[in-house]
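Structure file data.tsv (TSV, N, CA and C atoms and all ligand atoms) is printed below.
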```tsv
chain	number	residue	atom	x	y	z
A	702	MET	N	0.86	-1.20	0.00
A	702	MET	CA	0.00	0.00	0.00
A	702	MET	C	0.89	1.24	0.00
A	703	ASP	N	0.60	2.21	-0.90
A	703	ASP	CA	1.43	3.41	-0.86
A	703	ASP	C	0.94	4.35	0.25
A	704	ARG	N	1.75	5.34	0.55
A	704	ARG	CA	1.47	6.18	1.71
A	704	ARG	C	0.15	6.95	1.55
A	705	ARG	N	-0.12	7.41	0.33
A	705	ARG	CA	-1.32	8.21	0.15
A	705	ARG	C	-2.58	7.37	0.41
A	706	ALA	N	-2.57	6.16	-0.09
A	706	ALA	CA	-3.73	5.28	0.11
A	706	ALA	C	-3.90	4.98	1.60
A	707	PHE	N	-2.77	4.80	2.28
A	707	PHE	CA	-2.83	4.51	3.72
A	707	PHE	C	-3.45	5.69	4.48
A	708	LEU	N	-3.01	6.91	4.14
A	708	LEU	CA	-3.54	8.09	4.84
A	708	LEU	C	-5.04	8.26	4.58
A	709	ALA	N	-5.44	8.05	3.34
A	709	ALA	CA	-6.86	8.20	3.00
A	709	ALA	C	-7.68	7.19	3.80
A	710	GLY	N	-7.16	5.98	3.92
A	710	GLY	CA	-7.87	4.96	4.68
A	710	GLY	C	-7.99	5.33	6.14
A	711	SER	N	-6.93	5.89	6.71
A	711	SER	CA	-6.95	6.28	8.11
A	711	SER	C	-7.97	7.38	8.35
A	712	ALA	N	-8.02	8.35	7.43
A	712	ALA	CA	-8.95	9.47	7.60
A	712	ALA	C	-10.39	8.95	7.56
A	713	ALA	N	-10.64	8.01	6.68
A	713	ALA	CA	-12.01	7.48	6.58
A	713	ALA	C	-12.39	6.76	7.87
A	714	LEU	N	-11.44	6.02	8.42
A	714	LEU	CA	-11.70	5.31	9.66
A	714	LEU	C	-11.98	6.29	10.80
A	715	LEU	N	-11.15	7.33	10.90
A	715	LEU	CA	-11.33	8.31	11.97
A	715	LEU	C	-12.68	8.99	11.82
A	716	GLY	N	-13.04	9.31	10.58
A	716	GLY	CA	-14.32	9.97	10.33
A	716	GLY	C	-15.48	9.16	10.85
A	717	GLY	N	-15.36	7.84	10.75
A	717	GLY	CA	-16.45	6.98	11.21
A	717	GLY	C	-16.47	6.81	12.71
A	718	CYS	N	-15.46	7.26	13.37
A	718	CYS	CA	-15.33	6.98	14.80
A	718	CYS	C	-15.75	8.12	15.71
A	719	VAL	N	-16.01	9.28	15.13
A	719	VAL	CA	-16.28	10.44	15.97
A	719	VAL	C	-17.55	10.24	16.80
A	720	GLY	N	-17.40	10.37	18.10
A	720	GLY	CA	-18.59	10.40	18.96
A	720	GLY	C	-19.09	9.07	19.45
A	721	ARG	N	-19.26	8.10	18.59
A	721	ARG	CA	-19.91	6.88	19.03
A	721	ARG	C	-19.17	5.63	18.59
A	722	GLY	N	-17.87	5.61	18.81
A	722	GLY	CA	-17.10	4.42	18.50
A	722	GLY	C	-17.22	4.06	17.04
A	723	ALA	N	-17.23	2.80	16.76
A	723	ALA	CA	-17.27	2.35	15.37
A	723	ALA	C	-18.70	2.34	14.84
A	724	GLU	N	-19.68	2.57	15.70
A	724	GLU	CA	-21.08	2.49	15.30
A	724	GLU	C	-21.56	3.83	14.75
A	725	ASP	N	-22.59	3.79	13.92
A	725	ASP	CA	-23.19	5.04	13.43
A	725	ASP	C	-24.48	5.34	14.18
A	726	HIS	N	-24.70	4.63	15.27
A	726	HIS	CA	-25.89	4.88	16.07
A	726	HIS	C	-25.61	4.49	17.52
A	727	ASP	N	-26.49	4.97	18.42
A	727	ASP	CA	-26.33	4.64	19.84
A	727	ASP	C	-27.26	3.51	20.25
A	728	VAL	N	-28.45	3.50	19.67
A	728	VAL	CA	-29.43	2.47	20.00
A	728	VAL	C	-29.95	1.86	18.70
A	729	GLY	N	-29.82	0.55	18.59
A	729	GLY	CA	-30.35	-0.15	17.43
A	729	GLY	C	-31.79	-0.57	17.69
A	730	MET	N	-32.50	-0.93	16.62
A	730	MET	CA	-33.85	-1.46	16.76
A	730	MET	C	-33.88	-2.79	16.03
A	731	THR	N	-33.94	-3.86	16.83
A	731	THR	CA	-33.98	-5.20	16.25
A	731	THR	C	-35.44	-5.55	15.95
A	732	LEU	N	-35.75	-6.81	15.72
A	732	LEU	CA	-37.12	-7.15	15.35
A	732	LEU	C	-38.15	-6.70	16.38
A	733	GLN	N	-37.81	-6.81	17.66
A	733	GLN	CA	-38.78	-6.41	18.67
A	733	GLN	C	-38.13	-5.87	19.95
A	734	ALA	N	-37.01	-5.14	19.77
A	734	ALA	CA	-36.35	-4.59	20.96
A	734	ALA	C	-35.45	-3.42	20.59
A	735	PHE	N	-35.28	-2.53	21.57
A	735	PHE	CA	-34.25	-1.51	21.46
A	735	PHE	C	-32.96	-2.13	22.01
A	736	ASP	N	-31.86	-1.88	21.32
A	736	ASP	CA	-30.61	-2.52	21.70
A	736	ASP	C	-29.47	-1.49	21.73
A	737	PRO	N	-28.99	-1.09	22.93
A	737	PRO	CA	-29.44	-1.57	24.25
A	737	PRO	C	-30.74	-0.88	24.67
A	738	ALA	N	-31.47	-1.52	25.57
A	738	ALA	CA	-32.75	-0.97	26.03
A	738	ALA	C	-32.55	0.23	26.94
A	739	THR	N	-31.42	0.27	27.63
A	739	THR	CA	-31.13	1.39	28.52
A	739	THR	C	-29.77	1.96	28.19
A	740	ILE	N	-29.71	3.29	28.01
A	740	ILE	CA	-28.40	3.91	27.84
A	740	ILE	C	-28.31	5.11	28.77
A	741	THR	N	-27.08	5.50	29.08
A	741	THR	CA	-26.83	6.66	29.93
A	741	THR	C	-25.93	7.62	29.17
A	742	VAL	N	-26.35	8.89	29.11
A	742	VAL	CA	-25.59	9.91	28.39
A	742	VAL	C	-25.50	11.17	29.24
A	743	SER	N	-24.64	12.10	28.83
A	743	SER	CA	-24.54	13.39	29.51
A	743	SER	C	-25.54	14.36	28.89
A	744	ALA	N	-25.99	15.32	29.69
A	744	ALA	CA	-26.91	16.34	29.17
A	744	ALA	C	-26.27	17.02	27.97
A	745	GLY	N	-27.09	17.30	26.96
A	745	GLY	CA	-26.61	17.94	25.75
A	745	GLY	C	-26.21	16.95	24.67
A	746	THR	N	-26.33	15.66	24.95
A	746	THR	CA	-25.93	14.62	23.98
A	746	THR	C	-27.05	14.33	22.99
A	747	GLU	N	-26.66	14.20	21.73
A	747	GLU	CA	-27.61	13.75	20.72
A	747	GLU	C	-27.57	12.22	20.68
A	748	VAL	N	-28.70	11.61	20.87
A	748	VAL	CA	-28.79	10.15	20.79
A	748	VAL	C	-29.37	9.78	19.42
A	749	VAL	N	-28.71	8.83	18.77
A	749	VAL	CA	-29.17	8.39	17.44
A	749	VAL	C	-29.69	6.96	17.53
A	750	TRP	N	-30.93	6.78	17.10
A	750	TRP	CA	-31.51	5.44	16.99
A	750	TRP	C	-31.43	5.03	15.53
A	751	LYS	N	-31.16	3.77	15.30
A	751	LYS	CA	-31.16	3.27	13.92
A	751	LYS	C	-31.92	1.96	13.87
A	752	ASN	N	-32.80	1.87	12.90
A	752	ASN	CA	-33.53	0.62	12.71
A	752	ASN	C	-32.60	-0.38	12.03
A	753	THR	N	-32.15	-1.35	12.80
A	753	THR	CA	-31.21	-2.35	12.30
A	753	THR	C	-31.95	-3.61	11.86
A	754	SER	N	-33.28	-3.52	11.76
A	754	SER	CA	-34.08	-4.66	11.31
A	754	SER	C	-34.83	-4.27	10.05
A	755	SER	N	-35.69	-5.15	9.60
A	755	SER	CA	-36.48	-4.87	8.40
A	755	SER	C	-37.92	-4.49	8.76
A	756	ARG	N	-38.20	-4.39	10.06
A	756	ARG	CA	-39.53	-4.11	10.53
A	756	ARG	C	-39.65	-2.64	10.90
A	757	GLY	N	-40.82	-2.03	10.68
A	757	GLY	CA	-40.99	-0.62	11.04
A	757	GLY	C	-41.16	-0.44	12.54
A	758	HIS	N	-40.52	0.58	13.10
A	758	HIS	CA	-40.61	0.86	14.53
A	758	HIS	C	-40.82	2.35	14.75
A	759	THR	N	-41.23	2.71	15.98
A	759	THR	CA	-41.25	4.13	16.35
A	759	THR	C	-40.43	4.31	17.62
A	760	VAL	N	-40.01	5.55	17.85
A	760	VAL	CA	-39.41	5.96	19.12
A	760	VAL	C	-40.35	7.04	19.63
A	761	SER	N	-41.11	6.71	20.68
A	761	SER	CA	-42.17	7.61	21.15
A	761	SER	C	-42.10	7.71	22.67
A	762	ALA	N	-41.81	8.93	23.17
A	762	ALA	CA	-41.69	9.11	24.62
A	762	ALA	C	-43.06	8.95	25.28
A	763	TYR	N	-43.04	8.47	26.52
A	763	TYR	CA	-44.24	8.47	27.34
A	763	TYR	C	-44.37	9.86	27.95
A	764	ASP	N	-45.58	10.46	27.84
A	764	ASP	CA	-45.80	11.80	28.42
A	764	ASP	C	-45.38	11.87	29.88
A	765	ASP	N	-45.72	10.83	30.63
A	765	ASP	CA	-45.43	10.86	32.07
A	765	ASP	C	-44.15	10.09	32.40
A	766	GLY	N	-43.33	9.82	31.35
A	766	GLY	CA	-42.09	9.08	31.59
A	766	GLY	C	-40.85	9.92	31.37
A	767	ILE	N	-41.05	11.25	31.29
A	767	ILE	CA	-39.89	12.13	31.07
A	767	ILE	C	-39.90	13.24	32.12
A	768	PRO	N	-38.74	13.88	32.35
A	768	PRO	CA	-38.71	14.96	33.35
A	768	PRO	C	-39.72	16.06	33.01
A	769	GLU	N	-40.27	16.67	34.04
A	769	GLU	CA	-41.36	17.63	33.85
A	769	GLU	C	-41.00	18.78	32.92
A	770	THR	N	-39.77	19.24	32.98
A	770	THR	CA	-39.40	20.41	32.16
A	770	THR	C	-38.80	20.01	30.83
A	771	ALA	N	-38.76	18.71	30.55
A	771	ALA	CA	-38.12	18.26	29.30
A	771	ALA	C	-39.07	18.40	28.12
A	772	GLU	N	-38.46	18.54	26.96
A	772	GLU	CA	-39.21	18.61	25.71
A	772	GLU	C	-39.67	17.19	25.34
A	773	TYR	N	-40.94	17.09	24.91
A	773	TYR	CA	-41.43	15.79	24.45
A	773	TYR	C	-40.68	15.40	23.17
A	774	PHE	N	-40.44	14.11	22.98
A	774	PHE	CA	-39.79	13.68	21.73
A	774	PHE	C	-40.47	12.44	21.17
A	775	ALA	N	-40.54	12.37	19.87
A	775	ALA	CA	-41.11	11.21	19.19
A	775	ALA	C	-40.68	11.26	17.73
A	776	SER	N	-40.40	10.08	17.16
A	776	SER	CA	-40.13	10.05	15.73
A	776	SER	C	-41.39	10.56	15.03
A	777	GLY	N	-41.20	11.38	14.01
A	777	GLY	CA	-42.34	12.03	13.36
A	777	GLY	C	-42.54	13.44	13.89
A	778	GLY	N	-41.91	13.74	15.04
A	778	GLY	CA	-41.93	15.10	15.56
A	778	GLY	C	-43.21	15.52	16.26
A	779	TYR	N	-43.97	14.57	16.79
A	779	TYR	CA	-45.26	14.90	17.42
A	779	TYR	C	-45.07	15.61	18.76
A	780	ASP	N	-46.10	16.39	19.14
A	780	ASP	CA	-45.99	17.24	20.33
A	780	ASP	C	-46.25	16.50	21.63
A	781	ASP	N	-46.98	15.40	21.57
A	781	ASP	CA	-47.22	14.63	22.79
A	781	ASP	C	-47.56	13.19	22.41
A	782	GLU	N	-47.71	12.37	23.45
A	782	GLU	CA	-47.91	10.94	23.23
A	782	GLU	C	-49.22	10.65	22.49
A	783	ASP	N	-50.28	11.38	22.84
A	783	ASP	CA	-51.56	11.17	22.16
A	783	ASP	C	-51.42	11.42	20.66
A	784	ALA	N	-50.76	12.49	20.32
A	784	ALA	CA	-50.59	12.83	18.90
A	784	ALA	C	-49.77	11.76	18.19
A	785	ALA	N	-48.73	11.26	18.86
A	785	ALA	CA	-47.89	10.23	18.27
A	785	ALA	C	-48.69	8.94	18.05
A	786	ARG	N	-49.49	8.57	19.05
A	786	ARG	CA	-50.28	7.33	18.92
A	786	ARG	C	-51.34	7.47	17.83
A	787	GLU	N	-52.00	8.63	17.81
A	787	GLU	CA	-53.05	8.85	16.83
A	787	GLU	C	-52.46	8.80	15.41
A	788	ALA	N	-51.33	9.46	15.23
A	788	ALA	CA	-50.71	9.49	13.90
A	788	ALA	C	-50.30	8.08	13.46
A	789	PHE	N	-49.75	7.32	14.41
A	789	PHE	CA	-49.35	5.95	14.05
A	789	PHE	C	-50.58	5.12	13.70
A	790	ASN	N	-51.61	5.19	14.54
A	790	ASN	CA	-52.80	4.36	14.32
A	790	ASN	C	-53.54	4.74	13.05
A	791	ASN	N	-53.53	6.02	12.72
A	791	ASN	CA	-54.25	6.47	11.52
A	791	ASN	C	-53.50	6.19	10.23
A	792	SER	N	-52.19	6.41	10.26
A	792	SER	CA	-51.47	6.39	8.97
A	792	SER	C	-50.05	5.88	9.07
A	793	GLY	N	-49.71	5.23	10.18
A	793	GLY	CA	-48.33	4.76	10.32
A	793	GLY	C	-47.36	5.92	10.53
A	794	GLY	N	-47.87	7.03	11.02
A	794	GLY	CA	-47.02	8.20	11.24
A	794	GLY	C	-45.91	7.92	12.25
A	795	GLY	N	-44.74	8.44	11.97
A	795	GLY	CA	-43.63	8.30	12.91
A	795	GLY	C	-42.82	7.04	12.72
A	796	VAL	N	-43.19	6.22	11.75
A	796	VAL	CA	-42.46	4.96	11.58
A	796	VAL	C	-41.06	5.21	11.03
A	797	ILE	N	-40.12	4.50	11.63
A	797	ILE	CA	-38.72	4.50	11.17
A	797	ILE	C	-38.52	3.18	10.45
A	798	ASN	N	-38.30	3.23	9.16
A	798	ASN	CA	-38.15	1.99	8.39
A	798	ASN	C	-36.72	1.45	8.48
A	799	GLY	N	-36.51	0.25	7.97
A	799	GLY	CA	-35.20	-0.38	8.01
A	799	GLY	C	-34.09	0.55	7.52
A	800	SER	N	-33.00	0.61	8.28
A	800	SER	CA	-31.81	1.42	7.98
A	800	SER	C	-32.01	2.92	8.20
A	801	GLU	N	-33.21	3.35	8.52
A	801	GLU	CA	-33.42	4.78	8.79
A	801	GLU	C	-33.04	5.10	10.23
A	802	THR	N	-32.78	6.38	10.47
A	802	THR	CA	-32.40	6.81	11.81
A	802	THR	C	-33.35	7.89	12.32
A	803	TYR	N	-33.30	8.08	13.62
A	803	TYR	CA	-34.01	9.17	14.30
A	803	TYR	C	-33.07	9.64	15.39
A	804	SER	N	-33.04	10.95	15.64
A	804	SER	CA	-32.17	11.43	16.71
A	804	SER	C	-32.86	12.50	17.54
A	805	HIS	N	-32.43	12.59	18.77
A	805	HIS	CA	-32.96	13.61	19.69
A	805	HIS	C	-31.84	14.01	20.63
A	806	THR	N	-31.77	15.31	20.91
A	806	THR	CA	-30.76	15.82	21.84
A	806	THR	C	-31.41	16.05	23.20
A	807	PHE	N	-30.81	15.46	24.22
A	807	PHE	CA	-31.36	15.51	25.58
A	807	PHE	C	-30.68	16.60	26.38
A	808	GLU	N	-31.43	17.65	26.70
A	808	GLU	CA	-30.86	18.80	27.41
A	808	GLU	C	-31.09	18.73	28.93
A	809	VAL	N	-32.22	18.17	29.34
A	809	VAL	CA	-32.58	18.18	30.76
A	809	VAL	C	-32.22	16.85	31.40
A	810	PRO	N	-31.41	16.89	32.48
A	810	PRO	CA	-31.05	15.63	33.15
A	810	PRO	C	-32.30	14.93	33.70
A	811	GLY	N	-32.22	13.61	33.75
A	811	GLY	CA	-33.33	12.84	34.29
A	811	GLY	C	-33.50	11.53	33.55
A	812	VAL	N	-34.61	10.87	33.82
A	812	VAL	CA	-34.89	9.57	33.22
A	812	VAL	C	-35.99	9.75	32.17
A	813	TYR	N	-35.75	9.17	30.99
A	813	TYR	CA	-36.71	9.27	29.88
A	813	TYR	C	-37.12	7.86	29.47
A	814	GLU	N	-38.43	7.61	29.52
A	814	GLU	CA	-38.91	6.30	29.09
A	814	GLU	C	-39.69	6.45	27.79
A	815	TYR	N	-39.45	5.52	26.89
A	815	TYR	CA	-40.09	5.62	25.58
A	815	TYR	C	-40.47	4.23	25.08
A	816	VAL	N	-41.24	4.22	24.01
A	816	VAL	CA	-41.81	2.97	23.53
A	816	VAL	C	-41.83	2.94	22.01
A	817	CYS	N	-41.86	1.74	21.46
A	817	CYS	CA	-42.17	1.56	20.04
A	817	CYS	C	-43.67	1.24	20.00
A	818	ILE	N	-44.46	2.16	19.46
A	818	ILE	CA	-45.92	1.99	19.52
A	818	ILE	C	-46.40	0.64	18.97
A	819	PRO	N	-45.98	0.22	17.76
A	819	PRO	CA	-46.52	-1.05	17.25
A	819	PRO	C	-46.08	-2.28	18.04
A	820	HIS	N	-45.00	-2.19	18.80
A	820	HIS	CA	-44.52	-3.37	19.52
A	820	HIS	C	-44.51	-3.18	21.04
A	821	GLU	N	-45.40	-2.32	21.50
A	821	GLU	CA	-45.48	-2.07	22.94
A	821	GLU	C	-45.85	-3.34	23.69
A	822	ARG	N	-46.81	-4.08	23.13
A	822	ARG	CA	-47.24	-5.31	23.82
A	822	ARG	C	-46.14	-6.35	23.85
A	823	GLY	N	-45.23	-6.28	22.88
A	823	GLY	CA	-44.11	-7.21	22.87
A	823	GLY	C	-42.99	-6.77	23.79
A	824	GLY	N	-43.20	-5.67	24.48
A	824	GLY	CA	-42.20	-5.22	25.44
A	824	GLY	C	-41.11	-4.36	24.85
A	825	MET	N	-41.38	-3.75	23.69
A	825	MET	CA	-40.34	-2.93	23.07
A	825	MET	C	-40.36	-1.52	23.66
A	826	VAL	N	-39.68	-1.40	24.79
A	826	VAL	CA	-39.58	-0.12	25.49
A	826	VAL	C	-38.12	0.15	25.78
A	827	GLY	N	-37.81	1.41	26.02
A	827	GLY	CA	-36.42	1.78	26.29
A	827	GLY	C	-36.33	2.93	27.27
A	828	THR	N	-35.12	3.13	27.79
A	828	THR	CA	-34.87	4.19	28.76
A	828	THR	C	-33.58	4.91	28.39
A	829	VAL	N	-33.63	6.24	28.49
A	829	VAL	CA	-32.41	7.05	28.36
A	829	VAL	C	-32.21	7.76	29.68
A	830	ASN	N	-31.09	7.50	30.32
A	830	ASN	CA	-30.72	8.21	31.55
A	830	ASN	C	-29.81	9.36	31.16
A	831	VAL	N	-30.22	10.58	31.51
A	831	VAL	CA	-29.41	11.74	31.17
A	831	VAL	C	-28.83	12.32	32.46
A	832	GLU	N	-27.49	12.34	32.49
A	832	GLU	CA	-26.80	12.85	33.69
A	832	GLU	C	-26.37	14.28	33.47
A	833	GLU	N	-26.18	15.01	34.59
A	833	GLU	CA	-25.73	16.42	34.56
A	833	GLU	C	-24.48	16.55	33.72
B	901	CU	CU	-41.02	-1.84	17.20
```

Would you mind writing the file's structure down as structure tokens?
Ligand SMILES: [Cu+2]
Amino acid sequence: MDRRAFLAGSAALLGGCVGRGAEDHDVGMTLQAFDPATITVSAGTEVVWKNTSSRGHTVSAYDDGIPETAEYFASGGYDDEDAAREAFNNSGGGVINGSETYSHTFEVPGVYEYVCIPHERGGMVGTVNVEE
């Protein structure tokens, strides 16, 4: 390998490593689970979810599962849990398809609980712990 090719390869590798190790996401979505189901991050961190399966999923916060002063979050950008559920039930709103990503930046420390609406009964729930 000549030196130029080696340097180009190194730069590409470094580019892929910024922030989240070798992965391009923090939480994967398998057939019926968030992986990992619980993560801990510092306030101000952007968390990236990626659907690593072929099944459609949502990331939808529980209204009463997040800190009181925190911004509600849901794939599809809905303002609250009712809106997220209604949109999903009516038209599949908020679905993250295979290989697609969703991200949210957590500013307020605390515990955030969220669910995949179509697989709630299968136990597809997750938690983000945000530390100061
Ligand atoms: Cu799901």

Please indicate the distance in Å from CA of Ala738 in chain A to atom C of Val826 in chain A, rounded to one decimal place. 5.5 Å

Quick one: residues within 10 Å of range 742-749 of chain A, only C-alpha atoms counted, chain neighbours fewer than 5 positions away excluded, as a ChimeraX atom specification? /A:720-721,725-729,802-811,829-833

So that I can check the secondary structure, give me every residue of chain A assigned helix (DSSP H, G or I) by backbone DSSP, as an MDAnalysis selection string. chainID A and resid 704:718 764:766 782:792 818:820

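A straight line drawn from CA of Ser800 in chain A to CA of Asp765 in chain A is 29.2 Å long.
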
List every residue of chain A that DSSP, applied to the backbone of this structure, assigns to strand (DSSP E or B), and report them as a ChimeraX atom specification. /A:728-730,735-736,739-743,746-752,758,761-762,775,797,802-807,811-816,826-832

Out of A:Ile767, A:Val812, A:Met825, A:Ile797, which residue has the shortest atom-to-atom distance to Leu732 in chain A when counting all atoms listed in the file? A:Met825

Residues at most 8 Å from ligand CU 901 (chain B), using all atoms listed in the file? Could they come as an mmCIF file with N, CA and C atoms, in the coordinates of the input?
```cif
data_model
loop_
_atom_site.group_PDB
_atom_site.id
_atom_site.type_symbol
_atom_site.label_atom_id
_atom_site.label_comp_id
_atom_site.auth_asym_id
_atom_site.auth_seq_id
_atom_site.Cartn_x
_atom_site.Cartn_y
_atom_site.Cartn_z
ATOM 1 N N MET A 730 -32.500 -0.930 16.620
ATOM 2 C CA MET A 730 -33.850 -1.460 16.760
ATOM 3 C C MET A 730 -33.880 -2.790 16.030
ATOM 4 N N THR A 731 -33.940 -3.860 16.830
ATOM 5 C CA THR A 731 -33.980 -5.200 16.250
ATOM 6 C C THR A 731 -35.440 -5.550 15.950
ATOM 7 N N LEU A 732 -35.750 -6.810 15.720
ATOM 8 C CA LEU A 732 -37.120 -7.150 15.350
ATOM 9 C C LEU A 732 -38.150 -6.700 16.380
ATOM 10 N N GLN A 733 -37.810 -6.810 17.660
ATOM 11 C CA GLN A 733 -38.780 -6.410 18.670
ATOM 12 C C GLN A 733 -38.130 -5.870 19.950
ATOM 13 N N ALA A 734 -37.010 -5.140 19.770
ATOM 14 C CA ALA A 734 -36.350 -4.590 20.960
ATOM 15 C C ALA A 734 -35.450 -3.420 20.590
ATOM 16 N N PHE A 735 -35.280 -2.530 21.570
ATOM 17 C CA PHE A 735 -34.250 -1.510 21.460
ATOM 18 C C PHE A 735 -32.960 -2.130 22.010
ATOM 19 N N ARG A 756 -38.200 -4.390 10.060
ATOM 20 C CA ARG A 756 -39.530 -4.110 10.530
ATOM 21 C C ARG A 756 -39.650 -2.640 10.900
ATOM 22 N N GLY A 757 -40.820 -2.030 10.680
ATOM 23 C CA GLY A 757 -40.990 -0.620 11.040
ATOM 24 C C GLY A 757 -41.160 -0.440 12.540
ATOM 25 N N HIS A 758 -40.520 0.580 13.100
ATOM 26 C CA HIS A 758 -40.610 0.860 14.530
ATOM 27 C C HIS A 758 -40.820 2.350 14.750
ATOM 28 N N THR A 759 -41.230 2.710 15.980
ATOM 29 C CA THR A 759 -41.250 4.130 16.350
ATOM 30 C C THR A 759 -40.430 4.310 17.620
ATOM 31 N N VAL A 760 -40.010 5.550 17.850
ATOM 32 C CA VAL A 760 -39.410 5.960 19.120
ATOM 33 C C VAL A 760 -40.350 7.040 19.630
ATOM 34 N N VAL A 816 -41.240 4.220 24.010
ATOM 35 C CA VAL A 816 -41.810 2.970 23.530
ATOM 36 C C VAL A 816 -41.830 2.940 22.010
ATOM 37 N N CYS A 817 -41.860 1.740 21.460
ATOM 38 C CA CYS A 817 -42.170 1.560 20.040
ATOM 39 C C CYS A 817 -43.670 1.240 20.000
ATOM 40 N N ILE A 818 -44.460 2.160 19.460
ATOM 41 C CA ILE A 818 -45.920 1.990 19.520
ATOM 42 C C ILE A 818 -46.400 0.640 18.970
ATOM 43 N N PRO A 819 -45.980 0.220 17.760
ATOM 44 C CA PRO A 819 -46.520 -1.050 17.250
ATOM 45 C C PRO A 819 -46.080 -2.280 18.040
ATOM 46 N N HIS A 820 -45.000 -2.190 18.800
ATOM 47 C CA HIS A 820 -44.520 -3.370 19.520
ATOM 48 C C HIS A 820 -44.510 -3.180 21.040
ATOM 49 N N GLU A 821 -45.400 -2.320 21.500
ATOM 50 C CA GLU A 821 -45.480 -2.070 22.940
ATOM 51 C C GLU A 821 -45.850 -3.340 23.690
ATOM 52 N N MET A 825 -41.380 -3.750 23.690
ATOM 53 C CA MET A 825 -40.340 -2.930 23.070
ATOM 54 C C MET A 825 -40.360 -1.520 23.660
ATOM 55 N N VAL A 826 -39.680 -1.400 24.790
ATOM 56 C CA VAL A 826 -39.580 -0.120 25.490
ATOM 57 C C VAL A 826 -38.120 0.150 25.780
#
```
